[in-house]
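> Once you've had a glance at the structure underneath, I'll fire off some questions.
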Amino acid sequence: MRSETAEINRCAEKVLAGERLEAAEALALYRHAPTHLLGRLADGVRARKHPEGIVSYIIDRNVNYTNVCVAKCNFCAFYRDVGSAEGYVLAFDEIFKKIEETIAVGGVQLLLQGGHNPDLPLGWYEDLFRAIKTRYRDFRLHALSPPEIMHISRLSRLTVTDVVARLIAAGLDSIPGGGAEILVDRVRRLLHCYSKATSDEWLDVMRVAHRAGLRTTATMMYGSVELDEERLEHLLRLRELQDETGGFTAFIAWSYQPAHTELAGVEATGVEYLRTLALARIVLDNFDNLQASWVTQGGKVGQLSLAFGANDMGSVMIEENVVRAAGASYCMDEVEIVRNVEDAGFLPKRRNMHYQILGDPIYRERQVPRMLSLATARTDDDTSVPAELAGYPARSRAGKQARTS
Ligand code: SF4
């Protein structure tokens, strides 16, 4: 016991001195340090990186362009099979309308992600991106996580490098770090997400994107089947790639949401979230920003995250579909985010995708309607099929039939 305490104290001294922890040291801290010590160490790292006490957030919209997916991850409650009556693809016009609603409340980007739909070829994404950039020149596209890029690469038989180059030419500004789950292949096999992208493939897409000049985020979905060591390995692999490219802007951890999933199980507790966040802040010493995941944790734990290493409240998030499908449904508009940030003793500022500060809360500059619930991709009774889909070749049998009928 005494030697364990001595080891914790030695590791804590290293963190306080700004030194990098080895894997065994980080694991010892995570497993044995009291929660208040982990929080104090993580908060110290945050304060060194953000001494001005600013907590940032972005106004954007999380749009899922399709829920049709062939990957079938067993932790996912969002996807529908090819040919399902509940499957949808958003029309370009629907996406334009969502962008206009986002711009109206001060939004600056779309976080655009979706299922691995075999009936959406690369040309569909290119045409959509070009149309968005033609209509809304300064609006940014934070779109297509690494597994989606892998899927498009396989579907189009082009290399990831070529797909990324073509998407950038069409208007892609940044890649979200979704689909990372845990970057350990044993875990990915258990989660049925190994075939959508292995750990190396996920990291390679990010490497290609960073080399092509894009900044991206990194994520972790913890609390499903992984061991503590694997959670840590995930962080170390991200740290290694960040040492190599410096292309990650931020890290976001969220807990596995078990409701309505094939994998089922129970959700990690709030303390586990805060300890994991603090571990990430300590280990990811080369990441500037850590987001608070209030979407999965709720506003109150989201606010506490600011004492456990987070310096960013993520997105005001006008729309959300994926976490909601798994049972969690938290909503905070800009007024509520600002209230939580200020009450925690920080200075709230709006930012862009590169974490550059844009200004003070927009509702203090002009009148913006309160948003007390999140929009969804579509209403349940809307089963319309976009007319423009007929112009793109389908790969699945159901897709081919739909386009000839
Ligand atoms: S997590 Fe993504 S890739 Fe996996 S089944 Fe859900 S939509 Fe498909």
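Residues are named by chain letter and number: chains run A, B, ... in the order of the structure tokens, numbers start at 1 in each chain, and ligands are numbered from 1 in the order shown.
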Enumerate as a ChimeraX atom specification the residues within 9 Å of ligand 1, counting only C-alpha atoms and all ligand atoms.

/A:66-80,113-117,147-148,178-179,181,192-193,196,322

> Please produce an output containing N, CA, C and O atoms for each residue in the selection, written as an mmCIF file, in the first residue's frame.


data_model
loop_
_atom_site.group_PDB
_atom_site.id
_atom_site.type_symbol
_atom_site.label_atom_id
_atom_site.label_comp_id
_atom_site.auth_asym_id
_atom_site.auth_seq_id
_atom_site.Cartn_x
_atom_site.Cartn_y
_atom_site.Cartn_z
ATOM 1 N N THR A 66 -27.506 9.721 -43.796
ATOM 2 C CA THR A 66 -28.205 8.442 -44.013
ATOM 3 C C THR A 66 -28.040 7.577 -42.768
ATOM 4 O O THR A 66 -27.030 7.677 -42.065
ATOM 5 N N ASN A 67 -29.030 6.739 -42.495
ATOM 6 C CA ASN A 67 -28.894 5.768 -41.394
ATOM 7 C C ASN A 67 -28.721 4.349 -41.945
ATOM 8 O O ASN A 67 -28.658 3.396 -41.173
ATOM 9 N N VAL A 68 -28.654 4.219 -43.269
ATOM 10 C CA VAL A 68 -28.474 2.896 -43.880
ATOM 11 C C VAL A 68 -26.998 2.527 -43.775
ATOM 12 O O VAL A 68 -26.131 3.320 -44.140
ATOM 13 N N CYS A 69 -26.738 1.330 -43.250
ATOM 14 C CA CYS A 69 -25.336 0.991 -42.981
ATOM 15 C C CYS A 69 -25.115 -0.511 -43.092
ATOM 16 O O CYS A 69 -25.891 -1.304 -42.560
ATOM 17 N N VAL A 70 -24.036 -0.870 -43.796
ATOM 18 C CA VAL A 70 -23.694 -2.289 -43.929
ATOM 19 C C VAL A 70 -22.692 -2.744 -42.868
ATOM 20 O O VAL A 70 -22.380 -3.920 -42.781
ATOM 21 N N ALA A 71 -22.213 -1.823 -42.043
ATOM 22 C CA ALA A 71 -21.169 -2.191 -41.076
ATOM 23 C C ALA A 71 -21.733 -3.003 -39.905
ATOM 24 O O ALA A 71 -21.084 -3.910 -39.403
ATOM 25 N N LYS A 72 -22.924 -2.649 -39.433
ATOM 26 C CA LYS A 72 -23.621 -3.408 -38.369
ATOM 27 C C LYS A 72 -22.811 -3.532 -37.081
ATOM 28 O O LYS A 72 -22.708 -4.627 -36.506
ATOM 29 N N CYS A 73 -22.232 -2.462 -36.623
ATOM 30 C CA CYS A 73 -21.525 -2.491 -35.333
ATOM 31 C C CYS A 73 -22.536 -2.875 -34.240
ATOM 32 O O CYS A 73 -23.655 -2.350 -34.218
ATOM 33 N N ASN A 74 -22.113 -3.751 -33.313
ATOM 34 C CA ASN A 74 -23.107 -4.247 -32.356
ATOM 35 C C ASN A 74 -23.401 -3.283 -31.206
ATOM 36 O O ASN A 74 -24.268 -3.534 -30.384
ATOM 37 N N PHE A 75 -22.675 -2.153 -31.166
ATOM 38 C CA PHE A 75 -22.931 -1.140 -30.127
ATOM 39 C C PHE A 75 -23.801 -0.014 -30.656
ATOM 40 O O PHE A 75 -24.044 0.967 -29.953
ATOM 41 N N CYS A 76 -24.278 -0.134 -31.906
ATOM 42 C CA CYS A 76 -24.939 0.999 -32.561
ATOM 43 C C CYS A 76 -26.444 0.790 -32.625
ATOM 44 O O CYS A 76 -26.926 -0.231 -33.121
ATOM 45 N N ALA A 77 -27.186 1.769 -32.128
ATOM 46 C CA ALA A 77 -28.656 1.707 -32.183
ATOM 47 C C ALA A 77 -29.203 2.556 -33.319
ATOM 48 O O ALA A 77 -30.407 2.620 -33.515
ATOM 49 N N PHE A 78 -28.326 3.181 -34.061
ATOM 50 C CA PHE A 78 -28.748 4.165 -35.058
ATOM 51 C C PHE A 78 -28.995 3.546 -36.439
ATOM 52 O O PHE A 78 -29.907 3.949 -37.152
ATOM 53 N N TYR A 79 -28.225 2.548 -36.813
ATOM 54 C CA TYR A 79 -28.254 2.120 -38.211
ATOM 55 C C TYR A 79 -29.492 1.292 -38.551
ATOM 56 O O TYR A 79 -30.127 0.679 -37.690
ATOM 57 N N ARG A 80 -29.819 1.272 -39.848
ATOM 58 C CA ARG A 80 -30.851 0.389 -40.393
ATOM 59 C C ARG A 80 -30.247 -0.366 -41.565
ATOM 60 O O ARG A 80 -29.394 0.155 -42.272
ATOM 61 N N GLN A 113 -22.143 13.242 -40.828
ATOM 62 C CA GLN A 113 -21.713 11.846 -40.778
ATOM 63 C C GLN A 113 -22.905 10.949 -41.068
ATOM 64 O O GLN A 113 -24.043 11.374 -40.908
ATOM 65 N N GLY A 114 -22.623 9.711 -41.442
ATOM 66 C CA GLY A 114 -23.731 8.810 -41.721
ATOM 67 C C GLY A 114 -23.288 7.364 -41.760
ATOM 68 O O GLY A 114 -22.118 7.042 -41.511
ATOM 69 N N GLY A 115 -24.243 6.497 -42.073
ATOM 70 C CA GLY A 115 -23.956 5.070 -42.176
ATOM 71 C C GLY A 115 -23.173 4.768 -43.445
ATOM 72 O O GLY A 115 -22.994 5.622 -44.315
ATOM 73 N N HIS A 116 -22.735 3.516 -43.546
ATOM 74 C CA HIS A 116 -21.992 3.082 -44.728
ATOM 75 C C HIS A 116 -23.008 2.573 -45.742
ATOM 76 O O HIS A 116 -23.311 1.381 -45.791
ATOM 77 N N ASN A 117 -23.522 3.501 -46.487
ATOM 78 C CA ASN A 117 -24.611 3.202 -47.420
ATOM 79 C C ASN A 117 -24.014 2.798 -48.771
ATOM 80 O O ASN A 117 -23.328 3.610 -49.405
ATOM 81 N N PRO A 147 -13.897 5.704 -40.888
ATOM 82 C CA PRO A 147 -14.532 4.514 -41.486
ATOM 83 C C PRO A 147 -15.417 4.850 -42.691
ATOM 84 O O PRO A 147 -15.521 4.043 -43.622
ATOM 85 N N GLU A 148 -16.040 6.019 -42.699
ATOM 86 C CA GLU A 148 -16.829 6.406 -43.888
ATOM 87 C C GLU A 148 -15.907 6.622 -45.086
ATOM 88 O O GLU A 148 -16.232 6.234 -46.206
ATOM 89 N N GLY A 178 -14.877 10.377 -35.500
ATOM 90 C CA GLY A 178 -15.803 9.292 -35.184
ATOM 91 C C GLY A 178 -15.291 7.945 -35.658
ATOM 92 O O GLY A 178 -14.369 7.849 -36.469
ATOM 93 N N GLY A 179 -15.909 6.892 -35.140
ATOM 94 C CA GLY A 179 -15.571 5.543 -35.586
ATOM 95 C C GLY A 179 -14.283 5.004 -34.995
ATOM 96 O O GLY A 179 -13.835 3.922 -35.351
ATOM 97 N N GLU A 181 -13.869 4.339 -31.760
ATOM 98 C CA GLU A 181 -14.278 3.447 -30.662
ATOM 99 C C GLU A 181 -13.065 3.243 -29.752
ATOM 100 O O GLU A 181 -12.651 4.164 -29.101
ATOM 101 N N HIS A 192 -17.651 -5.807 -33.423
ATOM 102 C CA HIS A 192 -18.047 -5.978 -34.828
ATOM 103 C C HIS A 192 -17.737 -4.723 -35.646
ATOM 104 O O HIS A 192 -18.502 -4.357 -36.539
ATOM 105 N N CYS A 193 -16.668 -4.054 -35.325
ATOM 106 C CA CYS A 193 -16.318 -2.877 -36.132
ATOM 107 C C CYS A 193 -14.912 -2.989 -36.689
ATOM 108 O O CYS A 193 -14.376 -2.028 -37.223
ATOM 109 N N LYS A 196 -15.015 -2.561 -40.541
ATOM 110 C CA LYS A 196 -15.244 -1.215 -41.111
ATOM 111 C C LYS A 196 -13.940 -0.429 -41.142
ATOM 112 O O LYS A 196 -13.688 0.345 -42.047
ATOM 113 N N VAL A 322 -27.755 10.056 -33.301
ATOM 114 C CA VAL A 322 -27.085 8.799 -32.973
ATOM 115 C C VAL A 322 -27.197 8.469 -31.486
ATOM 116 O O VAL A 322 -27.616 7.368 -31.111
#

> With only C-alpha atoms as the counted atoms, please give the residues lying no more than 7 Å from segment 291-295 of chain A, apart from itself and same-chain residues fewer than 4 positions off, as a count of residues only.

14

> Residues of segment 46-280 of chain A classed as strand (DSSP E) by DSSP on the backbone are to be reported as a VMD selection string.

chain A and resid 54 to 58 60 to 64 109 to 113 140 to 143 174 to 175 215 to 222 248 to 255

> Would you return as a VMD selection string the members of segment 86-182 of chain A that DSSP assigns to alpha helix (DSSP H) on this structure's backbone?

chain A and resid 92 to 104 122 to 135 146 to 156 160 to 170

> Report as number ranges by chain all protein, DNA and RNA residues lying within 12 Å of Leu290 of chain A, evaluated on only C-alpha atoms, omitting residues in the same chain fewer than 5 positions from it.

A: 42-43, 45-46, 49-50, 55-57, 217-220, 248-254, 276-285, 302, 305-314, 355

> Nearest to Leu27 of chain A: which of A:Glu262, A:Glu342, A:Glu7, A:Asp162 is it, counting only C-alpha atoms?

A:Glu7

> Can you list, as a list in words, every protein, DNA or RNA residue that comes within 12 Å of Gly123 of chain A when you count only C-alpha atoms, leaving out same-chain residues fewer than 3 positions away?

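Selected residues are Asp119, Leu120, Glu126, Asp127, Leu128, Phe129, Arg130, Ala131, Ile152, Ser153, Leu155, Ser156, Val163, Arg166, Leu167, Ala170, Glu388, Leu389, Gly391, Tyr392, Pro393 and Ala394 of chain A.
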
> Between atom CA of Arg237 of chain A and atom CA of Leu172 of chain A, what is the spacing in Å?

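The value is 25.1 Å.
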
> What separation in Å, quoted to one decimal, exists between atom CA of Leu190 of chain A and atom CA of Ala268 of chain A?

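Going from atom CA of Leu190 of chain A over to atom CA of Ala268 of chain A covers 18.0 Å.
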
> Check the smallest atom-to-atom distance from each of A:Arg135, A:Lys300, A:Arg61, A:Arg207 to Asp343 of chain A using only C-alpha atoms, then report the winner.

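The shortest atom-to-atom distance to Asp343 of chain A comes from A:Lys300.
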
> Neighbouring residues of Val335 of chain A were defined as those with any atom within 9 Å, considering only C-alpha atoms; residues of the same chain fewer than 2 positions away were excluded. Please report them as an MDAnalysis selection string.

chainID A and resid 332:333 337:340 361 363 370:371

> Rounded to one decimal in Å, what is the spacing between atom CA of Ile54 of chain A and atom CA of Asp288 of chain A?

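Between atom CA of Ile54 of chain A and atom CA of Asp288 of chain A the gap works out to 12.8 Å.
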
> Determine, counting only C-alpha atoms, which protein, DNA and RNA residues have an atom within 8 Å of an atom of Gln242 of chain A; residues of the same chain fewer than 5 positions away are not included. Present the result as a list of chain:residue names.

A:Gly247, A:Phe248, A:Asn286, A:Phe287
